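Chemist: So here's model-v3.cif, just mmCIF, C-alpha atoms:
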data_data
loop_
_atom_site.group_PDB
_atom_site.id
_atom_site.type_symbol
_atom_site.label_atom_id
_atom_site.label_comp_id
_atom_site.auth_asym_id
_atom_site.auth_seq_id
_atom_site.Cartn_x
_atom_site.Cartn_y
_atom_site.Cartn_z
ATOM 1 C CA MET A 1 82.327 57.153 13.780
ATOM 2 C CA ALA A 2 84.574 55.957 16.599
ATOM 3 C CA ALA A 3 88.245 55.577 15.959
ATOM 4 C CA PRO A 4 89.684 52.046 16.155
ATOM 5 C CA PRO A 5 91.433 51.327 19.442
ATOM 6 C CA ASP A 6 95.144 51.860 19.296
ATOM 7 C CA LYS A 7 97.742 49.324 20.399
ATOM 8 C CA ASP A 8 98.414 51.126 23.642
ATOM 9 C CA SER A 9 94.787 51.145 24.814
ATOM 10 C CA GLN A 10 95.598 48.815 27.740
ATOM 11 C CA ALA A 11 98.381 51.092 28.838
ATOM 12 C CA SER A 12 95.933 53.965 28.936
ATOM 13 C CA LEU A 13 93.500 52.127 31.264
ATOM 14 C CA PRO A 14 93.115 53.687 34.672
ATOM 15 C CA PRO A 15 94.784 51.706 37.502
ATOM 16 C CA PRO A 16 91.516 50.411 39.041
ATOM 17 C CA LEU A 17 90.470 48.920 35.668
ATOM 18 C CA ARG A 18 93.862 47.301 35.219
ATOM 19 C CA ILE A 19 93.457 45.677 38.646
ATOM 20 C CA LEU A 20 89.949 44.516 37.686
ATOM 21 C CA GLN A 21 91.265 43.128 34.400
ATOM 22 C CA GLY A 22 93.936 41.158 36.267
ATOM 23 C CA LEU A 23 91.301 39.802 38.675
ATOM 24 C CA VAL A 24 89.055 38.668 35.811
ATOM 25 C CA ILE A 25 91.966 36.926 34.081
ATOM 26 C CA GLY A 26 92.918 35.224 37.375
ATOM 27 C CA LEU A 27 89.326 34.117 37.983
ATOM 28 C CA THR A 28 89.058 32.694 34.469
ATOM 29 C CA ALA A 29 92.306 30.773 34.883
ATOM 30 C CA SER A 30 91.258 29.381 38.270
ATOM 31 C CA LEU A 31 87.873 28.304 36.862
ATOM 32 C CA ILE A 32 89.544 26.451 33.998
ATOM 33 C CA PHE A 33 91.982 24.810 36.415
ATOM 34 C CA GLY A 34 89.086 23.866 38.751
ATOM 35 C CA VAL A 35 87.045 22.221 35.992
ATOM 36 C CA ILE A 36 90.066 20.237 34.810
ATOM 37 C CA THR A 37 90.741 19.131 38.399
ATOM 38 C CA VAL A 38 87.135 18.013 39.000
ATOM 39 C CA VAL A 39 87.080 16.026 35.749
ATOM 40 C CA ALA A 40 90.405 14.390 36.618
ATOM 41 C CA VAL A 41 89.197 13.423 40.101
ATOM 42 C CA VAL A 42 85.938 11.963 38.778
ATOM 43 C CA VAL A 43 87.762 9.945 36.125
ATOM 44 C CA THR A 44 90.394 8.572 38.517
ATOM 45 C CA ARG A 45 88.251 8.006 41.625
ATOM 46 C CA PHE A 46 85.227 6.418 39.948
ATOM 47 C CA PRO A 47 86.519 3.674 37.692
ATOM 48 C CA LYS A 48 84.100 1.312 36.033
ATOM 49 C CA ALA A 49 82.610 -1.071 38.542
ATOM 50 C CA ALA A 50 83.771 -4.621 38.084
ATOM 51 C CA THR A 51 80.992 -7.092 37.474
ATOM 52 C CA PRO A 52 80.977 -9.868 40.071
ATOM 53 C CA PRO A 53 81.760 -13.276 38.633
ATOM 54 C CA LEU A 54 78.785 -15.392 37.598
ATOM 55 C CA PRO A 55 78.664 -19.173 37.606
ATOM 56 C CA GLU A 56 79.248 -20.733 34.207
ATOM 57 C CA THR A 57 75.730 -22.124 34.021
ATOM 58 C CA LEU A 58 72.521 -21.455 35.855
ATOM 59 C CA VAL A 59 69.848 -24.011 35.124
ATOM 60 C CA LEU A 60 66.351 -22.568 35.049
ATOM 61 C CA PRO A 61 63.380 -24.821 35.764
ATOM 62 C CA GLN A 62 61.671 -26.245 32.698
ATOM 63 C CA GLY A 63 59.344 -23.757 31.025
ATOM 64 C CA ALA A 64 60.854 -20.729 32.778
ATOM 65 C CA SER A 65 62.549 -17.921 30.914
ATOM 66 C CA ALA A 66 64.438 -15.070 32.532
ATOM 67 C CA LEU A 67 62.884 -11.623 32.618
ATOM 68 C CA ALA A 68 65.404 -9.833 34.887
ATOM 69 C CA VAL A 69 68.554 -10.668 36.841
ATOM 70 C CA THR A 70 69.873 -9.079 40.026
ATOM 71 C CA GLN A 71 72.867 -9.899 42.199
ATOM 72 C CA GLY A 72 73.606 -9.836 45.893
ATOM 73 C CA ALA A 73 76.801 -10.557 47.794
ATOM 74 C CA ASP A 74 76.396 -14.341 47.704
ATOM 75 C CA TRP A 75 73.245 -14.869 45.623
ATOM 76 C CA ILE A 76 71.792 -14.253 42.180
ATOM 77 C CA GLY A 77 68.087 -13.550 41.726
ATOM 78 C CA ILE A 78 66.288 -14.243 38.473
ATOM 79 C CA THR A 79 62.753 -13.041 37.836
ATOM 80 C CA THR A 80 60.950 -15.260 35.381
ATOM 81 C CA THR A 81 58.113 -14.557 32.976
ATOM 82 C CA ASP A 82 55.827 -16.934 34.912
ATOM 83 C CA ASP A 83 55.882 -14.674 38.030
ATOM 84 C CA ARG A 84 58.557 -16.434 40.061
ATOM 85 C CA ILE A 85 61.770 -15.231 41.641
ATOM 86 C CA LEU A 86 64.533 -17.833 41.675
ATOM 87 C CA ILE A 87 67.367 -17.302 44.152
ATOM 88 C CA TYR A 88 70.612 -19.104 43.263
ATOM 89 C CA ASP A 89 73.775 -19.534 45.314
ATOM 90 C CA ARG A 90 76.534 -17.517 43.653
ATOM 91 C CA ALA A 91 79.374 -19.936 44.415
ATOM 92 C CA SER A 92 77.752 -23.226 43.468
ATOM 93 C CA GLY A 93 74.968 -22.129 41.120
ATOM 94 C CA ASN A 94 72.446 -24.267 43.016
ATOM 95 C CA LEU A 95 68.854 -23.102 43.425
ATOM 96 C CA ARG A 96 68.404 -21.845 47.006
ATOM 97 C CA GLN A 97 64.850 -20.585 47.055
ATOM 98 C CA THR A 98 61.831 -20.064 44.833
ATOM 99 C CA VAL A 99 59.360 -17.278 45.522
ATOM 100 C CA THR A 100 56.044 -17.407 43.685
ATOM 101 C CA LEU A 101 54.428 -14.035 43.136
ATOM 102 C CA THR A 102 50.654 -13.731 43.315
ATOM 103 C CA ARG A 103 48.621 -11.131 41.526
ATOM 104 C CA PRO A 104 46.030 -9.238 43.547
#
Take the structure in the file and give it back as structure tokens.
Modeler:
Amino acid sequence: MAAPPDKDSQASLPPPLRILQGLVIGLTASLIFGVITVVAVVVTRFPKAATPPLPETLVLPQGASALAVTQGADWIGITTTDDRILIYDRASGNLRQTVTLTRP
């Protein structure tokens, strides 16, 4: 049975192993510091994207219900359940264009 290591076991390490031990401790510390730095940069540089302002009301044509909404710089597109895409002006909320989708 092996004897338990004594308190001075690190003092009895050969010099090359003590150097290696110091390098491993330094590498571990730099890895921890690096991970903390990357997390801090990601959190501070990529804040939540602000949602562009929407008009108070968008009036859909009668019988249309929204399926999906997308936004451009100065327009809002609404895909409806009756296979149309309605393009609205962002500032005024007026309907700019209607695109009717056809099925093949």
Chemist: Just give me the gap between CA of Asp74 (chain A) and CA of Thr102 (chain A) in Å, one decimal is fine.
Modeler: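 So the answer is 26.1 Å.
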Chemist: Which residues come within 7 Å of Arg96 (chain A), counting all atoms listed in the file, excluding same-chain residues fewer than 4 positions away, as a ChimeraX atom specification?
Modeler: /A:87-89
Chemist: Work out how far CA of Leu101 (chain A) is from CA of Thr81 (chain A), in Å to one decimal.
Modeler: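 It comes out at 10.8 Å.
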Chemist: Any chance you could work out the residue set of the PyMOL selection byres ((chain A and resi 65) around 12) here, as a list in words?
Modeler: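 Answer for the PyMOL selection byres ((chain A and resi 65) around 12): Leu58, Val59, Leu60, Pro61, Gln62, Gly63, Ala64, Ala66, Leu67, Ala68, Val69, Ile78, Thr79, Thr80, Thr81, Asp82, Asp83, Arg84, Ile85 and Leu86 of chain A.
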Chemist: Provide the CA of Leu95 (chain A) to CA of Gln71 (chain A) distance in Å, to one decimal place.
Modeler: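 We find that CA of Leu95 (chain A) and CA of Gln71 (chain A) lie 13.9 Å from each other.
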Chemist: Run the PyMOL selection byres ((chain A and resi 90) around 8) on the file and write out the hits as a PyMOL selection string.
Modeler: chain A and resi 54-55+74-76+88-89+91-94
Chemist: Around all of region 9-28 of chain A's listed atoms, make the axis-aligned box with 8 Å on each side and tell me centre and edge lengths in Å to one decimal, as AutoDock Vina command-line options.
Modeler:
--center_x 93.7 --center_y 43.3 --center_z 31.9 --size_x 25.3 --size_y 37.3 --size_z 30.2
Chemist: Since fewer atoms than expected are present, regenerate N, CA and C atoms for region 82-94 of chain A and write them as a PDB file, keeping the file's coordinate frame.
Modeler:
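As written to disk, rebuild-v4.pdb reads:
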ATOM      1  N   ASP A  82      57.005 -16.295  34.299  1.00  0.00           N
ATOM      2  CA  ASP A  82      55.827 -16.934  34.912  1.00  0.00           C
ATOM      3  C   ASP A  82      55.665 -16.526  36.377  1.00  0.00           C
ATOM      4  N   ASP A  83      56.076 -15.300  36.713  1.00  0.00           N
ATOM      5  CA  ASP A  83      55.882 -14.674  38.030  1.00  0.00           C
ATOM      6  C   ASP A  83      56.532 -15.445  39.181  1.00  0.00           C
ATOM      7  N   ARG A  84      57.784 -15.820  38.991  1.00  0.00           N
ATOM      8  CA  ARG A  84      58.557 -16.434  40.061  1.00  0.00           C
ATOM      9  C   ARG A  84      59.881 -15.697  40.186  1.00  0.00           C
ATOM     10  N   ILE A  85      60.425 -15.742  41.400  1.00  0.00           N
ATOM     11  CA  ILE A  85      61.770 -15.231  41.641  1.00  0.00           C
ATOM     12  C   ILE A  85      62.599 -16.421  42.098  1.00  0.00           C
ATOM     13  N   LEU A  86      63.656 -16.704  41.370  1.00  0.00           N
ATOM     14  CA  LEU A  86      64.533 -17.833  41.675  1.00  0.00           C
ATOM     15  C   LEU A  86      65.828 -17.294  42.266  1.00  0.00           C
ATOM     16  N   ILE A  87      66.157 -17.747  43.467  1.00  0.00           N
ATOM     17  CA  ILE A  87      67.367 -17.302  44.152  1.00  0.00           C
ATOM     18  C   ILE A  87      68.399 -18.424  44.061  1.00  0.00           C
ATOM     19  N   TYR A  88      69.543 -18.128  43.441  1.00  0.00           N
ATOM     20  CA  TYR A  88      70.612 -19.104  43.263  1.00  0.00           C
ATOM     21  C   TYR A  88      71.804 -18.735  44.131  1.00  0.00           C
ATOM     22  N   ASP A  89      72.527 -19.740  44.599  1.00  0.00           N
ATOM     23  CA  ASP A  89      73.775 -19.534  45.314  1.00  0.00           C
ATOM     24  C   ASP A  89      74.840 -19.100  44.308  1.00  0.00           C
ATOM     25  N   ARG A  90      75.548 -18.034  44.603  1.00  0.00           N
ATOM     26  CA  ARG A  90      76.534 -17.517  43.653  1.00  0.00           C
ATOM     27  C   ARG A  90      77.698 -18.492  43.455  1.00  0.00           C
ATOM     28  N   ALA A  91      78.188 -19.091  44.516  1.00  0.00           N
ATOM     29  CA  ALA A  91      79.374 -19.936  44.415  1.00  0.00           C
ATOM     30  C   ALA A  91      79.092 -21.245  43.682  1.00  0.00           C
ATOM     31  N   SER A  92      78.004 -21.904  44.040  1.00  0.00           N
ATOM     32  CA  SER A  92      77.752 -23.226  43.468  1.00  0.00           C
ATOM     33  C   SER A  92      76.802 -23.200  42.274  1.00  0.00           C
ATOM     34  N   GLY A  93      75.955 -22.190  42.192  1.00  0.00           N
ATOM     35  CA  GLY A  93      74.968 -22.129  41.120  1.00  0.00           C
ATOM     36  C   GLY A  93      73.728 -22.939  41.409  1.00  0.00           C
ATOM     37  N   ASN A  94      73.614 -23.472  42.637  1.00  0.00           N
ATOM     38  CA  ASN A  94      72.446 -24.267  43.016  1.00  0.00           C
ATOM     39  C   ASN A  94      71.273 -23.370  43.378  1.00  0.00           C
TER      40      ASN A  94
END
